[in-house]
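Following: one structure in structure tokens, then a few remarks.
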Amino acid sequence: MCRTTNKNYSKEQLREKVRLPQPYIGGIERGERNISLDTLERLLGALEVSPSEFLRSYKDNYFLSENEKARETVLIDLNALLSTRSVRDIEMIQDLTNKVFVAIDARFQT
């Protein structure tokens with residue numbers, strides 16, 4: 001579910017990339033240290049993760065139920081499929097989707 005890239009850096013490699021003392025990085029990892037926005041920005045840059053990817057991952061991992069995570073994954077995949085289509089195609093898919101939903105709703109209301 002996490003859309004961030006996993007670089008699998010050792011603490012030493014990460015320390016070299018962000019120029020922070022290794023005990024400081026270990027403290028962050030163990031949740032013993034609060035970090036500044038500057039340090040967070042340096043870490044995200046070293047890991048090549050955008051702030052939005054990081055926050056989405058954090059939200060997905062800590063606040064969403066398994067059902068919500070699955071739903072979010074499907075919506076992200078659907079958005080990726082639609083993003084390459086023309087506006088006309090997307091409007092046609094939207095119209096078809098609305099008709100499917102009307103049919104589903106009608107079926108369950110009888």
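Labeling convention for the structure tokens: chains A, B, ... as they appear, residues from 1 per chain, ligands from 1 in order of appearance.
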For this session: Taking the DSSP assignment computed from this structure's backbone, write out as a PyMOL selection string all residues of chain A that belong to helix (DSSP H, G or I).
Result: chain A and resi 11-18+22-29+37-47+51-63+66-82+87-109
Problem set entry | Residue contacts of region 8-14 of chain A (9 Å, only C-alpha atoms) excluding same-chain residues fewer than 5 positions away, as number ranges by chain | A: 19-20, 22, 25-26, 43, 46-47
Go ahead and save the picked residues with C-alpha atoms, as a PDB file, in the first residue's frame.
ATOM      1  CA  ARG A  19      24.865  14.389   7.313  1.00  0.00           C
ATOM      2  CA  LEU A  20      23.388  13.585  10.722  1.00  0.00           C
ATOM      3  CA  GLN A  22      24.227   7.999  13.577  1.00  0.00           C
ATOM      4  CA  ILE A  25      19.159   8.730  13.253  1.00  0.00           C
ATOM      5  CA  GLY A  26      18.789   5.762  15.613  1.00  0.00           C
ATOM      6  CA  LEU A  43      15.510  12.764   5.184  1.00  0.00           C
ATOM      7  CA  ALA A  46      17.761  11.471   0.781  1.00  0.00           C
ATOM      8  CA  LEU A  47      15.076   8.800   0.457  1.00  0.00           C
TER       9      LEU A  47
END
Problem set entry | Gap from CA of Glu68 (chain A) to CA of Leu37 (chain A) - Å, one decimal |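 Result for CA of Glu68 (chain A) versus CA of Leu37 (chain A): 28.6 Å, one decimal.
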Problem set entry | Shell of 10 Å around Leu40 (chain A), only C-alpha atoms, local chain residues under 5 positions omitted, as a ChimeraX atom specification | /A:18,34-35,45-46,51
